[in-house]
Amino acid sequence: MKTADFDYILPPELIAQTPVEPRDHSRLMVLDRAVQSIAHRHFFNIVDYLKPGDVLVFNDSRVVPARFYGQKDTGARVRFCFFSA
């Protein structure tokens, strides 16, 4: 497997710059593997898909606007991006 297998075109205008308000109106893509379908909902609909015993994990990490560039001994250029929780 190559990282190029995961490349795709994502136009900059489709990248959210600020969170939607109210937050629970963010988009939710629902994949139904049983019938191989995709549905587009809102996050407030997530309760329609949870069953007793399911676990919902909340990730409240945020991206820190920090990016560093460097160079390896081999001459290869590297970029470091840091995230904060």
# chains A, B, ... in the order shown; residues from 1 in each chain; ligands from 1
$ residues_around --residues "Gly70 of chain A" --least-positions-apart "5" --cutoff "10 Å" --atoms "only C-alpha atoms" --output "PDB file with C-alpha atoms, in the first residue's frame"
ATOM      1  CA  GLY A  75      19.092  16.037   2.619  1.00  0.00           C
ATOM      2  CA  ALA A  76      15.392  15.103   2.683  1.00  0.00           C
ATOM      3  CA  ARG A  77      13.093  17.935   3.679  1.00  0.00           C
ATOM      4  CA  VAL A  78      10.641  17.272   6.539  1.00  0.00           C
ATOM      5  CA  ARG A  79       7.671  19.123   7.983  1.00  0.00           C
ATOM      6  CA  PHE A  80       6.428  18.823  11.581  1.00  0.00           C
TER       7      PHE A  80
END
$ select_by_dssp --residues "chain A" --states "strand (DSSP E or B)" --output "PyMOL selection string"
chain A and resi 27-32+37-42+62-71+77-84
$ residues_around --residues "segment 19-33 of chain A" --least-positions-apart "6" --cutoff "12 Å" --atoms "only C-alpha atoms" --output "list of chain:residue names"
A:Ala39, A:His40, A:Arg41, A:His42, A:Phe43, A:Phe44, A:Asn45, A:Ile46, A:Val47, A:Asp48, A:Tyr49, A:Leu50, A:Arg62
$ atom_distance --atom1 "atom CA of Pro65 of chain A" --atom2 "atom CA of Gln17 of chain A"
13.0 Å
$ residues_around --residues "Cys81 of chain A" --least-positions-apart "6" --cutoff "8 Å" --atoms "only C-alpha atoms" --output "list in words"
Ala66, Arg67 and Phe68 of chain A
$ write_last_selection --atoms "N, CA, C and O atoms" --output "tab-separated table (two decimals), in the first residue's frame"
chain	number	residue	atom	x	y	z
A	66	ALA	N	0.93	25.41	14.51
A	66	ALA	CA	2.39	25.32	14.60
A	66	ALA	C	2.89	24.36	13.52
A	66	ALA	O	2.44	23.23	13.42
A	67	ARG	N	3.81	24.84	12.72
A	67	ARG	CA	4.39	24.03	11.66
A	67	ARG	C	5.88	24.37	11.58
A	67	ARG	O	6.25	25.54	11.54
A	68	PHE	N	6.70	23.34	11.61
A	68	PHE	CA	8.14	23.54	11.55
A	68	PHE	C	8.69	22.76	10.36
A	68	PHE	O	8.23	21.65	10.06
$ atom_distance --atom1 "atom CA of Ala16 of chain A" --atom2 "atom CA of Asp60 of chain A"
16.9 Å
$ atom_distance --atom1 "atom CA of Thr3 of chain A" --atom2 "atom CA of Ala34 of chain A"
28.6 Å
